[in-house]
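Visitor: My structure is in final_18.txt, and what it holds is compact mmCIF, C-alpha atoms and all ligand atoms:
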# COMPACT_ATOMS: atom_id res chain seq x y z
CA MET A 1 21.00 15.53 -55.19
CA GLN A 2 23.69 17.75 -53.71
CA ASP A 3 23.34 20.54 -51.15
CA LYS A 4 19.93 19.54 -49.86
CA LEU A 5 21.09 18.16 -46.53
CA ASN A 6 18.96 19.25 -43.61
CA LEU A 7 20.82 18.91 -40.32
CA MET A 8 18.44 17.83 -37.61
CA ILE A 9 21.11 16.74 -35.16
CA PRO A 10 21.79 18.52 -31.89
CA GLY A 11 24.84 20.29 -33.23
CA PRO A 12 26.18 21.36 -35.52
CA THR A 13 22.87 23.01 -36.35
CA PRO A 14 21.89 24.73 -39.63
CA VAL A 15 23.36 28.18 -40.28
CA PRO A 16 21.26 30.96 -41.85
CA GLU A 17 22.42 32.16 -45.30
CA ASN A 18 22.90 35.68 -43.99
CA VAL A 19 25.22 34.40 -41.27
CA LEU A 20 27.17 32.23 -43.73
CA SER A 21 27.71 35.11 -46.10
CA CYS A 22 29.07 37.30 -43.30
CA MET A 23 31.87 34.78 -42.87
CA SER A 24 33.02 34.61 -46.46
CA LYS A 25 35.51 37.42 -46.47
CA HIS A 26 39.13 37.94 -45.53
CA PRO A 27 39.85 37.93 -41.83
CA ILE A 28 40.62 41.33 -40.33
CA GLY A 29 43.38 42.05 -37.81
CA HIS A 30 42.36 40.92 -34.34
CA ARG A 31 44.00 44.00 -32.81
CA SER A 32 42.25 46.38 -35.22
CA GLY A 33 39.66 48.94 -34.18
CA GLU A 34 37.16 47.25 -36.48
CA PHE A 35 37.54 43.95 -34.62
CA GLN A 36 37.40 45.66 -31.23
CA GLU A 37 33.99 47.03 -32.20
CA ILE A 38 32.79 43.51 -32.95
CA VAL A 39 34.08 42.24 -29.60
CA GLN A 40 32.38 45.09 -27.78
CA LYS A 41 29.09 44.51 -29.57
CA THR A 42 29.05 40.72 -29.27
CA THR A 43 29.97 40.89 -25.57
CA LYS A 44 26.85 43.00 -24.94
CA GLN A 45 24.77 40.70 -27.09
CA LEU A 46 26.04 37.67 -25.18
CA GLN A 47 25.03 39.30 -21.90
CA TRP A 48 21.58 39.85 -23.38
CA LEU A 49 21.36 36.17 -24.34
CA HIS A 50 22.46 35.06 -20.85
CA GLN A 51 20.17 37.63 -19.18
CA THR A 52 23.10 38.76 -17.09
CA THR A 53 25.36 41.66 -16.23
CA ALA A 54 28.14 39.15 -15.49
CA ASP A 55 31.13 38.67 -17.75
CA VAL A 56 30.59 36.41 -20.74
CA LEU A 57 33.91 35.38 -22.23
CA THR A 58 34.43 33.97 -25.70
CA ILE A 59 36.96 31.20 -26.27
CA THR A 60 38.12 29.77 -29.57
CA GLY A 61 37.44 26.11 -28.93
CA SER A 62 34.45 23.75 -28.85
CA GLY A 63 31.88 23.58 -26.05
CA THR A 64 34.04 21.26 -23.98
CA ALA A 65 36.67 24.02 -23.73
CA ALA A 66 34.07 26.20 -22.01
CA MET A 67 33.15 23.35 -19.65
CA GLU A 68 36.78 22.74 -18.76
CA ALA A 69 37.39 26.48 -18.34
CA GLY A 70 34.48 26.64 -15.88
CA ILE A 71 36.08 24.01 -13.69
CA ILE A 72 39.73 25.01 -13.79
CA ASN A 73 39.04 28.68 -13.19
CA THR A 74 36.96 28.25 -10.06
CA LEU A 75 38.25 25.16 -8.24
CA SER A 76 41.38 23.83 -6.58
CA LYS A 77 43.06 20.43 -6.31
CA GLY A 78 41.18 18.02 -4.08
CA ASP A 79 38.06 20.20 -3.85
CA GLN A 80 34.85 18.31 -3.14
CA VAL A 81 32.28 18.67 -5.88
CA ILE A 82 29.00 17.04 -6.83
CA CYS A 83 28.51 16.08 -10.48
CA GLY A 84 25.10 15.22 -11.91
CA ASP A 85 25.34 12.35 -14.38
CA ASN A 86 22.37 11.10 -16.39
CA GLY A 87 23.93 10.78 -19.82
CA LYS A 88 26.98 11.19 -22.01
CA PHE A 89 27.55 14.84 -21.13
CA GLY A 90 27.09 14.29 -17.42
CA GLU A 91 29.77 11.60 -17.78
CA ARG A 92 31.97 14.17 -19.48
CA TRP A 93 31.68 16.51 -16.48
CA VAL A 94 32.78 13.67 -14.20
CA LYS A 95 35.75 12.94 -16.47
CA VAL A 96 36.89 16.56 -16.61
CA ALA A 97 36.53 16.97 -12.84
CA LYS A 98 38.50 13.77 -12.18
CA ALA A 99 41.17 14.69 -14.72
CA TYR A 100 41.95 17.72 -12.54
CA GLY A 101 42.08 15.76 -9.31
CA LEU A 102 38.80 16.94 -7.84
CA ASN A 103 37.06 14.83 -5.23
CA VAL A 104 33.90 13.95 -7.14
CA LYS A 105 30.64 12.69 -5.71
CA VAL A 106 28.40 11.57 -8.57
CA VAL A 107 24.62 11.94 -8.45
CA LYS A 108 23.29 9.55 -11.05
CA SER A 109 20.04 8.89 -12.82
CA ASP A 110 19.32 6.35 -15.52
CA TRP A 111 19.63 7.57 -19.09
CA GLY A 112 16.29 9.05 -20.10
CA GLN A 113 15.43 10.05 -16.52
CA PRO A 114 16.05 13.50 -15.03
CA LEU A 115 18.40 14.18 -12.12
CA ASP A 116 16.54 14.25 -8.81
CA PRO A 117 16.86 17.66 -7.09
CA ASN A 118 16.16 16.01 -3.72
CA GLU A 119 19.30 13.95 -3.98
CA PHE A 120 21.34 17.13 -4.34
CA LYS A 121 19.43 18.67 -1.43
CA MET A 122 20.18 15.72 0.85
CA ILE A 123 23.89 15.67 0.09
CA LEU A 124 24.16 19.42 0.57
CA GLU A 125 22.27 19.29 3.86
CA GLU A 126 24.53 16.54 5.16
CA ASP A 127 27.58 18.63 4.33
CA THR A 128 27.48 20.55 7.60
CA GLU A 129 31.11 21.60 7.32
CA LYS A 130 30.33 23.17 3.93
CA LYS A 131 33.12 21.34 2.19
CA ILE A 132 31.36 21.04 -1.16
CA LYS A 133 32.73 23.72 -3.41
CA ALA A 134 30.70 23.22 -6.56
CA VAL A 135 27.64 21.52 -7.98
CA ILE A 136 28.23 20.67 -11.61
CA LEU A 137 25.55 19.52 -14.03
CA THR A 138 24.22 19.40 -17.56
CA HIS A 139 21.03 21.36 -18.15
CA SER A 140 19.88 19.81 -21.43
CA GLU A 141 21.38 16.30 -21.60
CA THR A 142 21.74 16.00 -25.35
CA SER A 143 22.47 12.26 -25.36
CA THR A 144 19.06 11.36 -23.94
CA GLY A 145 16.90 14.41 -24.69
CA VAL A 146 16.33 15.11 -20.98
CA ILE A 147 16.09 18.59 -19.49
CA ASN A 148 17.30 18.65 -15.90
CA ASP A 149 15.71 21.00 -13.39
CA LEU A 150 18.57 23.48 -13.18
CA LYS A 151 16.49 26.10 -11.40
CA GLU A 152 15.42 23.75 -8.62
CA ILE A 153 18.85 22.15 -8.19
CA ASN A 154 20.52 25.56 -8.11
CA SER A 155 18.07 26.84 -5.51
CA ALA A 156 18.93 23.82 -3.33
CA VAL A 157 22.59 24.73 -3.73
CA LYS A 158 21.95 28.32 -2.79
CA SER A 159 19.86 27.53 0.27
CA HIS A 160 22.07 24.78 1.71
CA SER A 161 25.63 25.71 0.85
CA ARG A 162 28.14 28.21 -0.35
CA ALA A 163 28.99 26.08 -3.38
CA ILE A 164 28.90 27.53 -6.84
CA THR A 165 26.75 26.04 -9.58
CA ILE A 166 28.47 25.21 -12.85
CA ALA A 167 26.09 24.36 -15.68
CA ASP A 168 26.56 22.96 -19.16
CA CYS A 169 23.88 24.89 -21.04
CA VAL A 170 25.26 23.98 -24.44
CA THR A 171 21.91 22.81 -25.85
CA SER A 172 19.59 24.81 -23.62
CA LEU A 173 20.95 28.33 -24.01
CA GLY A 174 18.97 29.98 -26.76
CA ALA A 175 16.29 27.29 -26.57
CA CYS A 176 14.66 27.92 -23.21
CA ASN A 177 14.67 30.51 -20.48
CA ILE A 178 17.87 30.60 -18.39
CA PRO A 179 17.91 33.92 -16.54
CA MET A 180 21.43 33.65 -15.16
CA ASP A 181 21.20 36.56 -12.72
CA GLU A 182 17.65 35.92 -11.55
CA TRP A 183 18.36 32.26 -10.82
CA GLY A 184 21.86 32.95 -9.56
CA ILE A 185 23.76 30.48 -11.71
CA ASP A 186 27.52 31.00 -11.31
CA VAL A 187 29.05 29.49 -14.42
CA ILE A 188 27.31 28.80 -17.72
CA ALA A 189 29.12 27.04 -20.56
CA SER A 190 27.84 27.04 -24.14
CA GLY A 191 29.05 26.48 -27.70
CA SER A 192 28.55 28.16 -31.05
CA GLN A 193 27.29 25.20 -33.09
CA LYS A 194 24.10 24.80 -31.07
CA GLY A 195 21.48 27.46 -30.32
CA TYR A 196 23.77 30.19 -31.64
CA MET A 197 23.19 29.02 -35.25
CA ILE A 198 26.82 29.43 -36.29
CA PRO A 199 29.45 26.83 -37.16
CA PRO A 200 31.52 25.08 -34.46
CA GLY A 201 34.63 26.80 -33.13
CA LEU A 202 33.60 29.30 -30.47
CA SER A 203 32.52 28.61 -26.93
CA PHE A 204 31.35 30.85 -24.17
CA VAL A 205 31.74 30.96 -20.39
CA ALA A 206 29.64 33.27 -18.26
CA MET A 207 31.12 33.94 -14.81
CA SER A 208 29.16 35.41 -11.88
CA LYS A 209 30.70 37.54 -9.16
CA ARG A 210 30.83 34.48 -6.89
CA ALA A 211 32.58 32.53 -9.60
CA TRP A 212 35.25 35.25 -9.78
CA GLU A 213 35.58 35.14 -6.00
CA ALA A 214 36.24 31.42 -6.29
CA ASN A 215 38.70 32.19 -9.07
CA ALA A 216 40.86 34.23 -6.72
CA SER A 217 41.92 31.10 -4.82
CA SER A 218 41.68 28.54 -7.63
CA ASP A 219 44.96 26.67 -8.09
CA LEU A 220 44.21 24.24 -10.92
CA PRO A 221 46.69 24.53 -13.80
CA LYS A 222 45.59 26.74 -16.67
CA PHE A 223 47.08 28.72 -19.47
CA TYR A 224 45.12 28.89 -22.75
CA LEU A 225 41.88 28.68 -20.77
CA ASP A 226 42.93 31.06 -17.99
CA LEU A 227 39.82 33.24 -17.88
CA LYS A 228 41.58 36.08 -16.09
CA GLN A 229 43.44 36.71 -19.32
CA TYR A 230 40.15 36.77 -21.22
CA LEU A 231 38.63 39.18 -18.73
CA LYS A 232 41.59 41.52 -18.96
CA ALA A 233 41.33 41.39 -22.74
CA ILE A 234 37.57 42.01 -23.05
CA ASN A 235 37.92 45.04 -20.85
CA LYS A 236 39.91 46.37 -23.82
CA ASN A 237 37.47 44.79 -26.32
CA SER A 238 40.11 42.32 -27.21
CA ASN A 239 41.18 38.72 -26.96
CA PRO A 240 44.29 37.20 -25.34
CA PHE A 241 45.08 35.06 -28.41
CA THR A 242 44.14 35.04 -32.09
CA PRO A 243 40.46 34.21 -32.05
CA ALA A 244 38.44 32.59 -34.85
CA ILE A 245 37.83 36.01 -36.38
CA ASN A 246 35.41 34.96 -39.10
CA LEU A 247 33.28 33.15 -36.55
CA TYR A 248 32.95 36.46 -34.72
CA PHE A 249 31.44 37.92 -37.93
CA ALA A 250 28.95 35.07 -37.83
CA LEU A 251 28.32 35.51 -34.11
CA GLU A 252 27.50 39.18 -34.50
CA ALA A 253 25.08 38.42 -37.34
CA SER A 254 23.35 35.53 -35.58
CA LEU A 255 22.97 37.35 -32.26
CA THR A 256 21.53 40.33 -34.15
CA MET A 257 18.99 37.97 -35.75
CA MET A 258 18.18 36.54 -32.33
CA GLN A 259 17.71 40.00 -30.86
CA LYS A 260 15.28 40.86 -33.67
CA GLU A 261 13.26 37.75 -32.92
CA GLY A 262 13.34 38.38 -29.16
CA LEU A 263 14.11 35.97 -26.34
CA ASN A 264 10.53 35.06 -25.55
CA ASN A 265 9.69 34.39 -29.18
CA ILE A 266 12.75 32.17 -29.47
CA PHE A 267 11.75 30.16 -26.39
CA THR A 268 8.13 29.89 -27.56
CA ARG A 269 9.26 28.70 -30.98
CA HIS A 270 11.40 25.95 -29.45
CA ALA A 271 8.65 24.84 -27.07
CA ARG A 272 6.15 24.71 -29.93
CA HIS A 273 8.46 22.69 -32.15
CA GLN A 274 9.28 20.34 -29.32
CA LYS A 275 5.60 19.72 -28.68
CA ALA A 276 4.74 19.31 -32.38
CA THR A 277 7.58 16.79 -32.72
CA GLN A 278 6.72 14.82 -29.58
CA GLU A 279 3.00 14.68 -30.35
CA GLY A 280 3.57 13.70 -33.98
CA ILE A 281 5.93 10.91 -32.92
CA LYS A 282 3.47 9.51 -30.41
CA ALA A 283 0.55 9.74 -32.86
CA MET A 284 2.41 7.63 -35.43
CA GLY A 285 2.84 4.89 -32.81
CA LEU A 286 6.46 5.52 -31.78
CA LYS A 287 7.61 5.77 -28.19
CA LEU A 288 9.50 8.69 -26.71
CA PHE A 289 12.64 7.69 -24.86
CA THR A 290 12.69 10.52 -22.36
CA LYS A 291 10.54 10.55 -19.24
CA GLU A 292 7.27 12.40 -19.91
CA GLY A 293 7.48 16.06 -18.94
CA TYR A 294 11.30 16.16 -19.04
CA GLY A 295 11.88 16.53 -22.77
CA SER A 296 14.52 19.03 -23.86
CA PRO A 297 13.38 21.93 -26.05
CA ALA A 298 16.42 21.22 -28.23
CA ILE A 299 16.04 17.56 -28.96
CA THR A 300 13.56 14.69 -28.96
CA ALA A 301 14.80 11.15 -28.42
CA VAL A 302 12.69 8.36 -29.93
CA GLN A 303 12.80 4.71 -28.93
CA PRO A 304 11.14 2.63 -31.64
CA GLU A 305 10.30 -0.75 -30.15
CA HIS A 306 9.44 -2.72 -33.26
CA VAL A 307 12.22 -1.60 -35.59
CA ASP A 308 15.95 -0.88 -35.37
CA ALA A 309 16.53 2.83 -34.79
CA GLU A 310 19.50 2.91 -37.15
CA THR A 311 17.38 1.47 -39.98
CA ILE A 312 14.98 4.40 -39.67
CA ARG A 313 17.76 6.92 -39.34
CA LYS A 314 19.54 5.65 -42.46
CA SER A 315 16.37 5.60 -44.48
CA ILE A 316 15.56 9.21 -43.49
CA LYS A 317 19.06 10.18 -44.56
CA ASN A 318 19.01 8.29 -47.86
CA ASP A 319 15.49 9.13 -48.95
CA PHE A 320 15.06 12.62 -47.56
CA ASP A 321 18.53 14.03 -46.91
CA ILE A 322 17.53 14.75 -43.33
CA LEU A 323 20.29 13.90 -40.89
CA LEU A 324 19.11 12.64 -37.49
CA ALA A 325 21.36 11.61 -34.61
CA GLY A 326 21.66 8.04 -33.42
CA GLY A 327 21.93 6.69 -29.91
CA GLN A 328 25.26 6.77 -28.09
CA ASP A 329 26.94 3.91 -26.22
CA HIS A 330 24.41 1.32 -25.04
CA LEU A 331 21.62 3.20 -26.82
CA LYS A 332 23.12 2.68 -30.27
CA GLY A 333 20.44 1.13 -32.49
CA LYS A 334 17.89 1.61 -29.69
CA ILE A 335 17.07 5.30 -30.12
CA PHE A 336 17.35 8.07 -32.66
CA ARG A 337 17.32 11.77 -31.86
CA ILE A 338 15.70 14.64 -33.70
CA GLY A 339 17.39 18.00 -33.20
CA HIS A 340 15.05 21.01 -33.31
CA LEU A 341 17.47 23.58 -31.99
CA GLY A 342 18.46 26.92 -33.45
CA PHE A 343 17.62 27.83 -37.03
CA VAL A 344 14.49 25.68 -37.26
CA ASN A 345 11.05 26.57 -38.58
CA ASP A 346 7.68 24.84 -38.97
CA ARG A 347 8.67 23.49 -42.37
CA ASP A 348 11.50 21.50 -40.78
CA ILE A 349 9.16 19.91 -38.26
CA ILE A 350 6.53 19.06 -40.87
CA SER A 351 9.23 17.56 -43.11
CA VAL A 352 10.78 15.37 -40.47
CA ILE A 353 7.46 14.05 -39.21
CA SER A 354 6.22 13.26 -42.73
CA ALA A 355 9.59 11.76 -43.66
CA LEU A 356 9.37 9.46 -40.66
CA GLU A 357 5.89 8.28 -41.59
CA CYS A 358 6.98 7.76 -45.18
CA SER A 359 10.07 5.74 -44.20
CA LEU A 360 8.21 3.61 -41.68
CA ASP A 361 5.49 2.89 -44.23
CA LYS A 362 8.05 1.93 -46.85
CA ILE A 363 9.56 -0.72 -44.60
CA GLY A 364 6.14 -1.89 -43.44
CA LYS A 365 6.61 -0.69 -39.87
CA LEU A 366 4.17 2.20 -39.63
CA LYS A 367 1.73 1.26 -36.88
CA ALA A 368 -0.75 4.10 -37.29
CA PRO A 369 -2.61 5.08 -40.49
CA ILE A 370 -0.50 7.25 -42.83
CA GLY A 371 -0.81 10.91 -41.95
CA LYS A 372 -1.85 10.49 -38.33
CA GLY A 373 1.46 11.75 -36.99
CA LEU A 374 1.55 14.67 -39.38
CA ALA A 375 -2.06 15.59 -38.59
CA LYS A 376 -1.20 15.71 -34.91
CA SER A 377 1.91 17.83 -35.47
CA ILE A 378 -0.08 20.23 -37.64
CA SER A 379 -2.76 20.57 -35.00
CA VAL A 380 -0.08 21.52 -32.45
CA LEU A 381 1.49 24.03 -34.84
CA ASN A 382 -1.85 25.60 -35.73
CA ASN A 383 -3.21 25.92 -32.22
C1 LIG B 1 27.50 19.58 -27.95
C2 LIG B 1 27.53 19.53 -26.48
C3 LIG B 1 28.70 19.87 -25.76
C4 LIG B 1 29.97 20.35 -26.40
O1 LIG B 1 30.57 19.46 -27.20
P1 LIG B 1 31.78 19.93 -28.12
O2 LIG B 1 31.88 18.83 -29.09
O3 LIG B 1 32.96 20.10 -27.27
O4 LIG B 1 31.35 21.25 -28.74
C5 LIG B 1 28.64 19.87 -24.38
N1 LIG B 1 27.52 19.55 -23.74
C6 LIG B 1 26.38 19.24 -24.38
C7 LIG B 1 25.17 18.94 -23.57
C8 LIG B 1 26.35 19.22 -25.78
O5 LIG B 1 25.21 18.93 -26.41
Can the structure from this file be put into C-alpha cells for me?
Guide:
Amino acid sequence: MQDKLNLMIPGPTPVPENVLSCMSKHPIGHRSGEFQEIVQKTTKQLQWLHQTTADVLTITGSGTAAMEAGIINTLSKGDQVICGDNGKFGERWVKVAKAYGLNVKVVKSDWGQPLDPNEFKMILEEDTEKKIKAVILTHSETSTGVINDLKEINSAVKSHSRAITIADCVTSLGACNIPMDEWGIDVIASGSQKGYMIPPGLSFVAMSKRAWEANASSDLPKFYLDLKQYLKAINKNSNPFTPAINLYFALEASLTMMQKEGLNNIFTRHARHQKATQEGIKAMGLKLFTKEGYGSPAITAVQPEHVDAETIRKSIKNDFDILLAGGQDHLKGKIFRIGHLGFVNDRDIISVISALECSLDKIGKLKAPIGKGLAKSISVLNN
C-alpha cells in the first residue's frame, strides 16, 4: 500500500500535516516585508528553543553545514582543539577540524559507550599554558544511540580553561533539556530534519558572546558560511543569500506547534517514549546496544544477538512500512536503531514494539512470549 510509510529513523523525521501544507505554496520574495516578518518571528522562536538570548542563525544547508560553520567562525589555523569521538558523528567532527588544519587531540570511547568527562578534565588541567581553544563534541551520538554528558564536560571546560565548547546537538535539541545560557555552551549546531519536525534543508548555529569574541580573531577561510554576514542580515530580519524560503514557512509552523506544547512537555514526551521503547525491547528478549543509563532520548539502538539486525529491519519495513535505521560501518548487520524523535506519539511506539514482536515471531526468533514487550511498553506509557 502506498503512503503508509512511518519514518522511525533519526532523521529525516515525520512532518506534521499542518507543517507540510504551509510549504505548498509559491515562494515569496526573500527581501519582502512578509518574509522579514517570518525571519523576525522564527529568530525569536529559535532563541526560545535554545533557551538563550544569544544569536541563533539559520543557514540553508544540512546539519553538517552548521557544524562546519561553528568551527570555521571561531577558530584559526593550527589551533589546538579537543574532539570527542564515540561514533560516526564524533568522527565527522574530527574530519572537519582536520580539514581546516586544526591541531586535533581526540578523546575516544568505544561505540555504544559515553565519552568520559574525566578525560576532558585531565587534558584541560594539563594544559597549563591554556593553548586549547575549543572542546568539540556530539551531544546525542546518533550512530550508537548514546547521549554524552554535555553539561558535565562543558563545566570541566569552563572551570579549567578559556576554551569554547562547540556542540553538535542535532538529535538532542528539541528532545531533551539544553539550556544554552544556563550551562554556558558557546556554539550549538542543529538541523531541520530532526527535532524540528520539518524536511531537511535548514540548519542552525547558536553563537554565545564568547563565540563571537573568538570570531573576531578567527582566520579560517569562509564565505557562504561566514556567520558575520548572517548576523548582519538577521539584524535586518534578512538573510545574506536566497534561503530555502518554503522551509521557513515550515519552520515557523513547527516552532509554533512546539511552543504550544511547551519545552518541558516536549522533553517529558521524549523521555517517556525512550523508556517505553527501551523497556519493551528488553522485555521481548532483545539487548540494548548502548550502555545502560546513557541512552539518547532521540534514538534507541538494539543489538539482537540471535538474529541478523538487517533481517529484522527489512521485515519491519516490508510487513509494516515502518522504516528503522541500520548500523553504520562495523555495526552494519549488528544493530538496528529506532528513531523516536520529533513528531512521535504513543501510537508510534506501540506500533513499532508490536511490529518487532510480530516480525521476530514470524521468523521464529522471538525469545519471550508474544505480547510481553508490548505489555511492558504499555505499562511505561500508562504509569
Ligand atoms: C543528522 C545528524 C547530523 C547532520 O547530518 P546532515 O546529514 O548534514 O544533516 C549531525 N550530527 C548528528 C548527531 C546527526 O544525527
Visitor: Can you work out the spacing between CA of Lys275 (chain A) and CA of Ala368 (chain A) in Å, to one decimal?
Guide: 18.9 Å
Visitor: Let me see if you get this right: every residue at most 8 Å from ligand LIG 1 (chain B), counting only C-alpha atoms and all ligand atoms, written as an MDAnalysis selection string.
Guide: chainID A and resid 10:12 61:65 67 89:90 138:143 168:171 190:194 200:201 203
Visitor: Give as a VMD selection string every residue, naming chains and numbers as the document does, that has an atom within 6 Å of (31.1, 18.6, -9.1), counting only C-alpha atoms.
Guide: chain A and resid 81 to 83 104 134 to 136
Visitor: Could you tell me how far CA of Lys105 (chain A) sits from CA of Gln80 (chain A), in Å to one decimal place?
Guide: 7.5 Å
Visitor: Find the residue from A:Gln36, A:Thr144, A:Ser109, A:Asn73 that sits nearest to Asp329 (chain A); use all atoms listed in the file when measuring.
Guide: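 When distances to Asp329 (chain A) are compared using all atoms listed in the file, the smallest one comes from A:Thr144.
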Visitor: Using all atoms listed in the file, which of A:Ser155, A:Asn237, A:Thr290, A:Asn6 sits nearest Asp110 (chain A)?
Guide: A:Thr290
Visitor: For Gln113 (chain A), which of A:Asp181, A:Asp149, A:Asp319, A:Glu126 is the closest residue, counting all atoms listed in the file?
Guide: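 Among the listed residues, the smallest separation from Gln113 (chain A) belongs to A:Asp149.
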Visitor: When you look at Lys108 (chain A) with a cut-off of 12 Å (counting all atoms listed in the file), what residues show up, excluding the ones that are within fewer than 2 positions of it in the same chain? I need them as a tab-separated table (two decimals) with C-alpha atoms, in the coordinates of the input.
Guide:
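The resulting part31.tsv:
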chain	number	residue	atom	x	y	z
A	82	ILE	CA	29.00	17.04	-6.83
A	83	CYS	CA	28.51	16.08	-10.48
A	84	GLY	CA	25.10	15.22	-11.91
A	85	ASP	CA	25.34	12.35	-14.38
A	86	ASN	CA	22.37	11.10	-16.39
A	87	GLY	CA	23.93	10.78	-19.82
A	88	LYS	CA	26.98	11.19	-22.01
A	90	GLY	CA	27.09	14.29	-17.42
A	91	GLU	CA	29.77	11.60	-17.78
A	94	VAL	CA	32.78	13.67	-14.20
A	105	LYS	CA	30.64	12.69	-5.71
A	106	VAL	CA	28.40	11.57	-8.57
A	110	ASP	CA	19.32	6.35	-15.52
A	111	TRP	CA	19.63	7.57	-19.09
A	112	GLY	CA	16.29	9.05	-20.10
A	113	GLN	CA	15.43	10.05	-16.52
A	114	PRO	CA	16.05	13.50	-15.03
A	115	LEU	CA	18.40	14.18	-12.12
A	116	ASP	CA	16.54	14.25	-8.81
A	117	PRO	CA	16.86	17.66	-7.09
A	119	GLU	CA	19.30	13.95	-3.98
A	120	PHE	CA	21.34	17.13	-4.34
A	137	LEU	CA	25.55	19.52	-14.03
A	138	THR	CA	24.22	19.40	-17.56
A	148	ASN	CA	17.30	18.65	-15.90
Visitor: Using only C-alpha atoms, find all polymer residues with an atom at most 8 Å away from the point (30.8, 39.2, -13.7); report them as a PyMOL selection string.
Guide: chain A and resi 53-56+206-209+212
Visitor: Considering only C-alpha atoms, can you say which of A:Thr128, A:Ser377, A:Gln40, A:Asn345 comes closest to Tyr248 (chain A)?
Guide: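 With only C-alpha atoms as the atom set, the closest residue is A:Gln40.
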Visitor: Counting all atoms listed in the file, which of A:Gly373, A:Gly195, A:Gly293, A:Gly145 gets nearest to Gly326 (chain A)?
Guide: A:Gly145
Visitor: From the set A:Ala271, A:Val15, A:Leu331, A:Leu150, which residue has the shortest atom-to-atom contact distance to Phe289 (chain A), counting all atoms listed in the file?
Guide: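 Of all the options, A:Leu331 lies closest to Phe289 (chain A).
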Visitor: Near Ser159 (chain A), within 10 Å and counting all atoms listed in the file, which residues show up once chain neighbours fewer than 6 positions away are dropped, as a JSON list (two decimals) with C-alpha atoms, in the coordinates of the input?
Guide:
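Below you can see out.json, which holds the result:
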[["chain", "number", "residue", "atom", "x", "y", "z"],
["A", 121, "LYS", "CA", 19.43, 18.67, -1.43],
["A", 124, "LEU", "CA", 24.16, 19.42, 0.57],
["A", 125, "GLU", "CA", 22.27, 19.29, 3.86]]
Visitor: Enter the distance from CA of Thr256 (chain A) to CA of His50 (chain A), in Å, rounded to one decimal.
Guide: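 Between CA of Thr256 (chain A) and CA of His50 (chain A) the gap is 14.3 Å.
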Visitor: Residues near region 297-309 of chain A, anyone? I mean within 6 Å using all atoms listed in the file, not counting same-chain ones fewer than 5 positions away, as JSON, numbers by chain.
Guide: {"A": [145, 270, 271, 274, 286, 287, 288, 289, 333, 334, 335, 336, 337, 338, 339, 340, 341]}
Visitor: Please produce an output containing C-alpha atoms for each residue in the selection, written as a JSON list (two decimals), in the frame of the given file.
Guide:
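And here's part.json as it stands now:
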[["chain", "number", "residue", "atom", "x", "y", "z"],
["A", 145, "GLY", "CA", 16.90, 14.41, -24.69],
["A", 270, "HIS", "CA", 11.40, 25.95, -29.45],
["A", 271, "ALA", "CA", 8.65, 24.84, -27.07],
["A", 274, "GLN", "CA", 9.28, 20.34, -29.32],
["A", 286, "LEU", "CA", 6.46, 5.52, -31.78],
["A", 287, "LYS", "CA", 7.61, 5.77, -28.19],
["A", 288, "LEU", "CA", 9.50, 8.69, -26.71],
["A", 289, "PHE", "CA", 12.64, 7.69, -24.86],
["A", 333, "GLY", "CA", 20.44, 1.13, -32.49],
["A", 334, "LYS", "CA", 17.89, 1.61, -29.69],
["A", 335, "ILE", "CA", 17.07, 5.30, -30.12],
["A", 336, "PHE", "CA", 17.35, 8.07, -32.66],
["A", 337, "ARG", "CA", 17.32, 11.77, -31.86],
["A", 338, "ILE", "CA", 15.70, 14.64, -33.70],
["A", 339, "GLY", "CA", 17.39, 18.00, -33.20],
["A", 340, "HIS", "CA", 15.05, 21.01, -33.31],
["A", 341, "LEU", "CA", 17.47, 23.58, -31.99]]
Visitor: Pull out region 10-29 of chain A, keep C-alpha atoms, and write it as a compact mmCIF listing (two decimals), in the first residue's frame.
Guide:
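Generated file (out-v3.txt):
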# COMPACT_ATOMS: atom_id res chain seq x y z
CA PRO A 10 16.83 9.54 13.35
CA GLY A 11 16.27 11.99 10.53
CA PRO A 12 14.58 12.83 8.38
CA THR A 13 11.74 12.57 10.88
CA PRO A 14 7.99 12.69 10.13
CA VAL A 15 6.49 16.09 9.32
CA PRO A 16 3.06 17.12 10.66
CA GLU A 17 0.33 17.66 8.02
CA ASN A 18 -0.12 21.25 9.12
CA VAL A 19 3.58 21.94 8.57
CA LEU A 20 3.56 20.22 5.16
CA SER A 21 0.61 22.24 3.98
CA CYS A 22 2.31 25.51 4.96
CA MET A 23 5.04 24.68 2.47
CA SER A 24 2.86 24.00 -0.54
CA LYS A 25 2.59 27.48 -1.93
CA HIS A 26 4.64 29.76 -4.15
CA PRO A 27 7.79 31.11 -2.61
CA ILE A 28 7.67 34.78 -1.64
CA GLY A 29 10.45 37.30 -2.24
